[in-house]
Amino acid sequence: MNPKAISLEEKKLRPVVDHLNDLLANYHIHYQKLRGCHWNVRGSHFFTLHAKFEELYTNALTTIDELAERILTLGKSPFSTFKDYVSNAEIKEVDTIGMKDVDMVKAIIGDLEALIAMQRDLLEITSEAEDEGTNDMVNAFMQFNEKQNWMLTAFVNKA
């Protein structure tokens, strides 16, 4: 797609697309971490966390698709290899096998904090590019993550 078709300037969009691809890479690592937590959670919080991790990875998968499609809408190609995801992500992989349930939650909280920071940066970049469509999308992702961060933090403080 040509950005001009949606009334945007390609030159202004370069940093937007670069940061969207970085966010996409981070979401892929976050998604896989959530899957690992879902599969490997054990203990007294199993039923609560098994369902919560599934809710979160389902949301992350939808977010991944929306990010990739937005990058395509802006006329560029999204990252699509694990090599790209791992090399461009700030979020790091973890081995969830044998991990304590509360430590899993803490790892996800760390991911959410990182994603929120990236999303706040991206909001500034999209504002500068006058890209309200991307701004609106990222803002919705950030609001979801803020709420999940609050909920998971409350859970850890109780556990």
# chains A, B, ... in the order shown; residues from 1 in each chain; ligands from 1
>>> closest_atom_pairs(of="segment 73-150 of chain A", to="segment 5-25 of chain A", cutoff="8 Å", atoms="only C-alpha atoms", output="CSV")
residue,atom,partner,partner_atom,distance
A:Leu74,CA,A:Val17,CA,7.4
A:Lys76,CA,A:Val17,CA,7.3
A:Pro78,CA,A:Asn21,CA,6.0
A:Phe79,CA,A:Asn21,CA,6.2
A:Asp84,CA,A:Ala25,CA,7.0
A:Tyr85,CA,A:Ala25,CA,4.1
A:Val86,CA,A:Ala25,CA,7.0
A:Asn88,CA,A:Asp22,CA,5.9
A:Ala89,CA,A:Ala25,CA,5.2
A:Leu115,CA,A:Leu23,CA,7.4
A:Met118,CA,A:Leu23,CA,7.0
A:Gln119,CA,A:Leu23,CA,7.8
A:Leu122,CA,A:His19,CA,6.6
A:Ile125,CA,A:Val16,CA,6.2
A:Thr126,CA,A:Val16,CA,6.0
A:Glu128,CA,A:Lys12,CA,7.9
A:Ala129,CA,A:Lys12,CA,5.0
A:Glu130,CA,A:Leu8,CA,7.5
A:Asp131,CA,A:Leu8,CA,7.0
>>> write_last_selection(atoms="N, CA and C atoms", output="PDB file, in the first residue's frame")
ATOM      1  N   LEU A  74       0.916   0.551   6.191  1.00  0.00           N
ATOM      2  CA  LEU A  74       1.815   1.695   6.040  1.00  0.00           C
ATOM      3  C   LEU A  74       2.830   1.478   4.919  1.00  0.00           C
ATOM      4  N   LYS A  76       5.014  -1.173   4.328  1.00  0.00           N
ATOM      5  CA  LYS A  76       6.266  -1.894   4.606  1.00  0.00           C
ATOM      6  C   LYS A  76       5.962  -3.340   4.972  1.00  0.00           C
ATOM      7  N   PRO A  78       6.325  -6.537   7.668  1.00  0.00           N
ATOM      8  CA  PRO A  78       6.585  -6.841   9.082  1.00  0.00           C
ATOM      9  C   PRO A  78       7.660  -7.917   9.218  1.00  0.00           C
ATOM     10  N   PHE A  79       8.369  -7.880  10.353  1.00  0.00           N
ATOM     11  CA  PHE A  79       9.278  -8.986  10.664  1.00  0.00           C
ATOM     12  C   PHE A  79       8.472 -10.276  10.634  1.00  0.00           C
ATOM     13  N   ASP A  84      14.475 -12.583  13.459  1.00  0.00           N
ATOM     14  CA  ASP A  84      14.141 -11.164  13.562  1.00  0.00           C
ATOM     15  C   ASP A  84      13.571 -10.830  14.942  1.00  0.00           C
ATOM     16  N   TYR A  85      12.691 -11.682  15.432  1.00  0.00           N
ATOM     17  CA  TYR A  85      12.046 -11.418  16.723  1.00  0.00           C
ATOM     18  C   TYR A  85      13.082 -11.393  17.843  1.00  0.00           C
ATOM     19  N   VAL A  86      13.908 -12.432  17.900  1.00  0.00           N
ATOM     20  CA  VAL A  86      14.877 -12.543  18.990  1.00  0.00           C
ATOM     21  C   VAL A  86      15.921 -11.431  18.911  1.00  0.00           C
ATOM     22  N   ASN A  88      15.666  -8.432  17.596  1.00  0.00           N
ATOM     23  CA  ASN A  88      15.137  -7.073  17.719  1.00  0.00           C
ATOM     24  C   ASN A  88      14.358  -6.820  19.001  1.00  0.00           C
ATOM     25  N   ALA A  89      14.112  -7.838  19.781  1.00  0.00           N
ATOM     26  CA  ALA A  89      13.295  -7.684  20.989  1.00  0.00           C
ATOM     27  C   ALA A  89      14.144  -7.304  22.200  1.00  0.00           C
ATOM     28  N   LEU A 115       6.625  -3.474  27.526  1.00  0.00           N
ATOM     29  CA  LEU A 115       5.716  -3.174  26.411  1.00  0.00           C
ATOM     30  C   LEU A 115       5.071  -1.801  26.579  1.00  0.00           C
ATOM     31  N   MET A 118       7.539   0.873  25.645  1.00  0.00           N
ATOM     32  CA  MET A 118       7.678   0.930  24.182  1.00  0.00           C
ATOM     33  C   MET A 118       6.460   1.599  23.552  1.00  0.00           C
ATOM     34  N   GLN A 119       5.298   1.279  24.073  1.00  0.00           N
ATOM     35  CA  GLN A 119       4.073   1.848  23.522  1.00  0.00           C
ATOM     36  C   GLN A 119       4.001   3.348  23.785  1.00  0.00           C
ATOM     37  N   LEU A 122       6.202   4.936  21.295  1.00  0.00           N
ATOM     38  CA  LEU A 122       5.580   4.867  19.971  1.00  0.00           C
ATOM     39  C   LEU A 122       4.453   5.889  19.831  1.00  0.00           C
ATOM     40  N   ILE A 125       6.046   9.061  18.763  1.00  0.00           N
ATOM     41  CA  ILE A 125       6.514   8.961  17.372  1.00  0.00           C
ATOM     42  C   ILE A 125       5.339   9.046  16.399  1.00  0.00           C
ATOM     43  N   THR A 126       4.241   8.384  16.723  1.00  0.00           N
ATOM     44  CA  THR A 126       3.078   8.443  15.830  1.00  0.00           C
ATOM     45  C   THR A 126       2.451   9.832  15.835  1.00  0.00           C
ATOM     46  N   GLU A 128       4.120  12.665  16.180  1.00  0.00           N
ATOM     47  CA  GLU A 128       4.999  13.475  15.337  1.00  0.00           C
ATOM     48  C   GLU A 128       4.751  13.202  13.853  1.00  0.00           C
ATOM     49  N   ALA A 129       4.409  11.963  13.523  1.00  0.00           N
ATOM     50  CA  ALA A 129       4.155  11.575  12.125  1.00  0.00           C
ATOM     51  C   ALA A 129       2.721  11.885  11.691  1.00  0.00           C
ATOM     52  N   GLU A 130       1.929  12.400  12.613  1.00  0.00           N
ATOM     53  CA  GLU A 130       0.511  12.680  12.364  1.00  0.00           C
ATOM     54  C   GLU A 130      -0.239  11.419  11.914  1.00  0.00           C
ATOM     55  N   ASP A 131       0.130  10.302  12.538  1.00  0.00           N
ATOM     56  CA  ASP A 131      -0.461   8.997  12.221  1.00  0.00           C
ATOM     57  C   ASP A 131      -1.433   8.611  13.331  1.00  0.00           C
TER      58      ASP A 131
END
>>> closest_residue(among="A:Met104, A:Met99, A:Leu61, A:Leu112", to="Tyr31 of chain A", atoms="only C-alpha atoms")
A:Leu61
>>> atom_distance(atom1="atom CA of Thr96 of chain A", atom2="atom CA of His50 of chain A")
13.1 Å
>>> closest_atom_pairs(of="segment 41-116 of chain A", to="segment 133-156 of chain A", cutoff="8 Å", atoms="only C-alpha atoms", output="Markdown table")
| residue | atom | partner | partner_atom | distance |
| --- | --- | --- | --- | --- |
| A:Thr63 | CA | A:Phe141 | CA | 7.4 |
| A:Arg70 | CA | A:Thr134 | CA | 7.3 |
| A:Val102 | CA | A:Val156 | CA | 6.4 |
| A:Val105 | CA | A:Leu152 | CA | 6.6 |
| A:Lys106 | CA | A:Val156 | CA | 7.4 |
| A:Ile109 | CA | A:Asn149 | CA | 5.8 |
| A:Leu112 | CA | A:Asn145 | CA | 6.0 |
| A:Glu113 | CA | A:Asn149 | CA | 7.3 |
| A:Leu115 | CA | A:Met142 | CA | 7.7 |
| A:Ile116 | CA | A:Met142 | CA | 5.6 |
>>> write_last_selection(atoms="all heavy atoms", output="PDB file, in the first residue's frame")
ATOM      1  N   THR A  63      -2.968  -8.999  18.964  1.00  0.00           N
ATOM      2  CA  THR A  63      -2.150  -7.795  18.864  1.00  0.00           C
ATOM      3  C   THR A  63      -1.057  -7.972  17.822  1.00  0.00           C
ATOM      4  O   THR A  63      -0.797  -7.060  17.027  1.00  0.00           O
ATOM      5  CB  THR A  63      -1.548  -7.443  20.233  1.00  0.00           C
ATOM      6  OG1 THR A  63      -2.618  -7.238  21.166  1.00  0.00           O
ATOM      7  CG2 THR A  63      -0.681  -6.199  20.170  1.00  0.00           C
ATOM      8  N   ARG A  70      -0.920  -3.483  10.374  1.00  0.00           N
ATOM      9  CA  ARG A  70      -0.724  -2.030  10.341  1.00  0.00           C
ATOM     10  C   ARG A  70       0.568  -1.698   9.593  1.00  0.00           C
ATOM     11  O   ARG A  70       0.612  -0.740   8.803  1.00  0.00           O
ATOM     12  CB  ARG A  70      -0.702  -1.443  11.753  1.00  0.00           C
ATOM     13  CG  ARG A  70      -0.623   0.079  11.775  1.00  0.00           C
ATOM     14  CD  ARG A  70      -1.848   0.723  11.156  1.00  0.00           C
ATOM     15  NE  ARG A  70      -1.702   2.171  11.053  1.00  0.00           N
ATOM     16  CZ  ARG A  70      -2.573   2.971  10.483  1.00  0.00           C
ATOM     17  NH1 ARG A  70      -3.685   2.483   9.963  1.00  0.00           N
ATOM     18  NH2 ARG A  70      -2.363   4.263  10.426  1.00  0.00           N
ATOM     19  N   VAL A 102       4.394 -17.861  40.913  1.00  0.00           N
ATOM     20  CA  VAL A 102       4.513 -16.437  41.200  1.00  0.00           C
ATOM     21  C   VAL A 102       5.664 -15.824  40.396  1.00  0.00           C
ATOM     22  O   VAL A 102       5.565 -14.688  39.940  1.00  0.00           O
ATOM     23  CB  VAL A 102       4.677 -16.189  42.720  1.00  0.00           C
ATOM     24  CG1 VAL A 102       4.979 -14.733  43.015  1.00  0.00           C
ATOM     25  CG2 VAL A 102       3.412 -16.619  43.460  1.00  0.00           C
ATOM     26  N   VAL A 105       4.359 -15.010  36.995  1.00  0.00           N
ATOM     27  CA  VAL A 105       3.590 -13.766  37.003  1.00  0.00           C
ATOM     28  C   VAL A 105       4.543 -12.572  37.022  1.00  0.00           C
ATOM     29  O   VAL A 105       4.345 -11.600  36.283  1.00  0.00           O
ATOM     30  CB  VAL A 105       2.598 -13.721  38.184  1.00  0.00           C
ATOM     31  CG1 VAL A 105       1.911 -12.366  38.264  1.00  0.00           C
ATOM     32  CG2 VAL A 105       1.569 -14.844  38.056  1.00  0.00           C
ATOM     33  N   LYS A 106       5.586 -12.651  37.817  1.00  0.00           N
ATOM     34  CA  LYS A 106       6.556 -11.556  37.874  1.00  0.00           C
ATOM     35  C   LYS A 106       7.247 -11.357  36.521  1.00  0.00           C
ATOM     36  O   LYS A 106       7.502 -10.217  36.115  1.00  0.00           O
ATOM     37  CB  LYS A 106       7.585 -11.810  38.974  1.00  0.00           C
ATOM     38  CG  LYS A 106       7.010 -11.656  40.368  1.00  0.00           C
ATOM     39  CD  LYS A 106       8.045 -11.968  41.431  1.00  0.00           C
ATOM     40  CE  LYS A 106       7.452 -11.828  42.823  1.00  0.00           C
ATOM     41  NZ  LYS A 106       8.427 -12.183  43.869  1.00  0.00           N
ATOM     42  N   ILE A 109       4.780  -9.552  34.355  1.00  0.00           N
ATOM     43  CA  ILE A 109       4.715  -8.153  34.778  1.00  0.00           C
ATOM     44  C   ILE A 109       5.883  -7.378  34.161  1.00  0.00           C
ATOM     45  O   ILE A 109       5.704  -6.267  33.648  1.00  0.00           O
ATOM     46  CB  ILE A 109       4.705  -8.026  36.317  1.00  0.00           C
ATOM     47  CG1 ILE A 109       3.376  -8.522  36.893  1.00  0.00           C
ATOM     48  CG2 ILE A 109       4.983  -6.583  36.759  1.00  0.00           C
ATOM     49  CD1 ILE A 109       3.365  -8.679  38.412  1.00  0.00           C
ATOM     50  N   LEU A 112       5.124  -6.732  30.574  1.00  0.00           N
ATOM     51  CA  LEU A 112       4.103  -5.699  30.410  1.00  0.00           C
ATOM     52  C   LEU A 112       4.689  -4.304  30.639  1.00  0.00           C
ATOM     53  O   LEU A 112       4.378  -3.367  29.895  1.00  0.00           O
ATOM     54  CB  LEU A 112       2.925  -5.953  31.356  1.00  0.00           C
ATOM     55  CG  LEU A 112       2.080  -7.180  31.026  1.00  0.00           C
ATOM     56  CD1 LEU A 112       1.088  -7.454  32.147  1.00  0.00           C
ATOM     57  CD2 LEU A 112       1.370  -7.017  29.701  1.00  0.00           C
ATOM     58  N   GLU A 113       5.553  -4.182  31.634  1.00  0.00           N
ATOM     59  CA  GLU A 113       6.190  -2.889  31.885  1.00  0.00           C
ATOM     60  C   GLU A 113       7.033  -2.463  30.692  1.00  0.00           C
ATOM     61  O   GLU A 113       7.012  -1.293  30.287  1.00  0.00           O
ATOM     62  CB  GLU A 113       7.014  -2.943  33.167  1.00  0.00           C
ATOM     63  CG  GLU A 113       6.147  -3.040  34.411  1.00  0.00           C
ATOM     64  CD  GLU A 113       6.919  -3.301  35.688  1.00  0.00           C
ATOM     65  OE1 GLU A 113       8.161  -3.547  35.625  1.00  0.00           O
ATOM     66  OE2 GLU A 113       6.293  -3.269  36.763  1.00  0.00           O
ATOM     67  N   LEU A 115       6.625  -3.474  27.526  1.00  0.00           N
ATOM     68  CA  LEU A 115       5.716  -3.174  26.411  1.00  0.00           C
ATOM     69  C   LEU A 115       5.071  -1.801  26.579  1.00  0.00           C
ATOM     70  O   LEU A 115       4.960  -1.030  25.616  1.00  0.00           O
ATOM     71  CB  LEU A 115       4.636  -4.259  26.291  1.00  0.00           C
ATOM     72  CG  LEU A 115       5.121  -5.625  25.808  1.00  0.00           C
ATOM     73  CD1 LEU A 115       4.027  -6.677  25.995  1.00  0.00           C
ATOM     74  CD2 LEU A 115       5.579  -5.563  24.354  1.00  0.00           C
ATOM     75  N   ILE A 116       4.653  -1.484  27.794  1.00  0.00           N
ATOM     76  CA  ILE A 116       4.031  -0.181  28.056  1.00  0.00           C
ATOM     77  C   ILE A 116       5.022   0.944  27.743  1.00  0.00           C
ATOM     78  O   ILE A 116       4.661   1.944  27.109  1.00  0.00           O
ATOM     79  CB  ILE A 116       3.507  -0.099  29.503  1.00  0.00           C
ATOM     80  CG1 ILE A 116       2.308  -1.043  29.679  1.00  0.00           C
ATOM     81  CG2 ILE A 116       3.150   1.340  29.879  1.00  0.00           C
ATOM     82  CD1 ILE A 116       1.933  -1.326  31.130  1.00  0.00           C
TER      83      ILE A 116
END
>>> atom_distance(atom1="atom CA of Ile97 of chain A", atom2="atom CA of Arg35 of chain A")
11.3 Å
>>> decode(residues="segment 6-149 of chain A", atoms="C-alpha atoms", output="CSV table (one decimal), in the first residue's frame")
chain,number,residue,atom,x,y,z
A,6,ILE,CA,-4.3,7.1,3.5
A,7,SER,CA,-3.1,10.7,3.6
A,8,LEU,CA,0.2,10.0,5.3
A,9,GLU,CA,3.8,11.0,4.3
A,10,GLU,CA,6.2,8.0,3.8
A,11,LYS,CA,9.2,10.0,5.1
A,12,LYS,CA,7.4,10.6,8.4
A,13,LEU,CA,6.4,7.0,8.7
A,14,ARG,CA,9.8,5.4,8.6
A,15,PRO,CA,10.4,5.7,12.4
A,16,VAL,CA,6.8,4.6,13.0
A,17,VAL,CA,7.3,1.4,11.0
A,18,ASP,CA,10.7,0.7,12.6
A,19,HIS,CA,9.2,1.0,16.1
A,20,LEU,CA,6.1,-1.1,15.1
A,21,ASN,CA,8.4,-3.8,13.9
A,22,ASP,CA,10.3,-3.6,17.2
A,23,LEU,CA,7.1,-3.8,19.1
A,24,LEU,CA,6.0,-6.8,17.0
A,25,ALA,CA,9.3,-8.6,17.8
A,26,ASN,CA,8.7,-8.0,21.5
A,27,TYR,CA,5.1,-9.2,21.3
A,28,HIS,CA,6.3,-12.5,19.7
A,29,ILE,CA,8.7,-13.1,22.6
A,30,HIS,CA,6.0,-12.1,25.1
A,31,TYR,CA,3.5,-14.4,23.4
A,32,GLN,CA,5.8,-17.4,23.6
A,33,LYS,CA,6.6,-16.7,27.2
A,34,LEU,CA,2.8,-16.6,28.0
A,35,ARG,CA,2.4,-20.0,26.1
A,36,GLY,CA,5.2,-21.5,28.2
A,37,CYS,CA,3.6,-20.2,31.4
A,38,HIS,CA,0.2,-21.5,30.4
A,39,TRP,CA,1.7,-25.0,29.6
A,40,ASN,CA,4.0,-25.2,32.6
A,41,VAL,CA,2.2,-23.5,35.5
A,42,ARG,CA,1.9,-25.7,38.6
A,43,GLY,CA,0.8,-25.2,42.1
A,44,SER,CA,-2.1,-23.9,44.1
A,45,HIS,CA,-2.8,-21.1,41.7
A,46,PHE,CA,-3.0,-23.5,38.7
A,47,PHE,CA,-6.6,-22.9,37.7
A,48,THR,CA,-6.5,-19.1,38.1
A,49,LEU,CA,-3.2,-18.7,36.2
A,50,HIS,CA,-3.7,-21.3,33.5
A,51,ALA,CA,-6.9,-19.4,32.5
A,52,LYS,CA,-5.2,-16.0,32.9
A,53,PHE,CA,-2.2,-16.9,30.8
A,54,GLU,CA,-4.5,-18.2,28.1
A,55,GLU,CA,-6.4,-14.9,28.1
A,56,LEU,CA,-3.2,-13.0,27.8
A,57,TYR,CA,-1.6,-15.1,25.0
A,58,THR,CA,-4.9,-14.9,23.1
A,59,ASN,CA,-4.8,-11.1,23.3
A,60,ALA,CA,-1.1,-11.1,22.4
A,61,LEU,CA,-1.8,-13.1,19.3
A,62,THR,CA,-4.5,-10.7,18.2
A,63,THR,CA,-2.1,-7.8,18.9
A,64,ILE,CA,0.6,-9.4,16.8
A,65,ASP,CA,-1.7,-9.7,13.8
A,66,GLU,CA,-2.9,-6.1,14.2
A,67,LEU,CA,0.6,-4.9,14.4
A,68,ALA,CA,1.7,-6.8,11.3
A,69,GLU,CA,-1.3,-5.7,9.3
A,70,ARG,CA,-0.7,-2.0,10.3
A,71,ILE,CA,2.9,-2.3,9.1
A,72,LEU,CA,1.6,-3.6,5.8
A,73,THR,CA,-1.0,-0.8,5.7
A,74,LEU,CA,1.8,1.7,6.0
A,75,GLY,CA,3.5,0.2,3.0
A,76,LYS,CA,6.3,-1.9,4.6
A,77,SER,CA,6.9,-5.5,5.5
A,78,PRO,CA,6.6,-6.8,9.1
A,79,PHE,CA,9.3,-9.0,10.7
A,80,SER,CA,8.4,-12.6,10.1
A,81,THR,CA,11.2,-14.8,11.3
A,82,PHE,CA,12.1,-15.9,14.8
A,83,LYS,CA,15.6,-14.6,14.1
A,84,ASP,CA,14.1,-11.2,13.6
A,85,TYR,CA,12.0,-11.4,16.7
A,86,VAL,CA,14.9,-12.5,19.0
A,87,SER,CA,17.4,-10.1,17.6
A,88,ASN,CA,15.1,-7.1,17.7
A,89,ALA,CA,13.3,-7.7,21.0
A,90,GLU,CA,14.2,-6.1,24.3
A,91,ILE,CA,12.1,-8.7,26.1
A,92,LYS,CA,14.1,-11.9,26.7
A,93,GLU,CA,13.1,-15.5,26.5
A,94,VAL,CA,12.8,-17.5,29.6
A,95,ASP,CA,12.5,-21.2,30.3
A,96,THR,CA,9.2,-21.7,32.1
A,97,ILE,CA,9.7,-25.4,32.8
A,98,GLY,CA,10.0,-25.8,36.6
A,99,MET,CA,9.4,-22.0,37.2
A,100,LYS,CA,7.3,-21.2,40.3
A,101,ASP,CA,3.9,-19.8,39.5
A,102,VAL,CA,4.5,-16.4,41.2
A,103,ASP,CA,7.8,-16.1,39.3
A,104,MET,CA,5.9,-16.6,36.1
A,105,VAL,CA,3.6,-13.8,37.0
A,106,LYS,CA,6.6,-11.6,37.9
A,107,ALA,CA,8.1,-12.3,34.5
A,108,ILE,CA,4.9,-11.4,32.7
A,109,ILE,CA,4.7,-8.2,34.8
A,110,GLY,CA,8.2,-7.3,33.6
A,111,ASP,CA,7.2,-7.9,30.0
A,112,LEU,CA,4.1,-5.7,30.4
A,113,GLU,CA,6.2,-2.9,31.9
A,114,ALA,CA,8.6,-3.1,28.9
A,115,LEU,CA,5.7,-3.2,26.4
A,116,ILE,CA,4.0,-0.2,28.1
A,117,ALA,CA,7.3,1.8,27.9
A,118,MET,CA,7.7,0.9,24.2
A,119,GLN,CA,4.1,1.8,23.5
A,120,ARG,CA,4.5,5.2,25.2
A,121,ASP,CA,7.5,5.9,23.1
A,122,LEU,CA,5.6,4.9,20.0
A,123,LEU,CA,2.7,7.2,20.9
A,124,GLU,CA,5.1,10.1,20.7
A,125,ILE,CA,6.5,9.0,17.4
A,126,THR,CA,3.1,8.4,15.8
A,127,SER,CA,2.0,11.9,17.0
A,128,GLU,CA,5.0,13.5,15.3
A,129,ALA,CA,4.2,11.6,12.1
A,130,GLU,CA,0.5,12.7,12.4
A,131,ASP,CA,-0.5,9.0,12.2
A,132,GLU,CA,-3.6,9.0,14.3
A,133,GLY,CA,-4.6,5.5,13.1
A,134,THR,CA,-1.5,3.9,14.6
A,135,ASN,CA,-1.6,6.1,17.6
A,136,ASP,CA,-5.2,5.0,18.4
A,137,MET,CA,-4.3,1.3,17.9
A,138,VAL,CA,-1.2,1.5,20.1
A,139,ASN,CA,-3.1,3.5,22.8
A,140,ALA,CA,-5.6,0.7,23.0
A,141,PHE,CA,-2.9,-2.0,23.4
A,142,MET,CA,-1.2,0.1,26.1
A,143,GLN,CA,-4.5,0.6,28.1
A,144,PHE,CA,-5.0,-3.2,28.0
A,145,ASN,CA,-1.4,-3.8,29.3
A,146,GLU,CA,-1.7,-1.2,32.0
A,147,LYS,CA,-4.8,-2.9,33.4
A,148,GLN,CA,-3.2,-6.4,33.2
A,149,ASN,CA,-0.1,-5.0,34.9
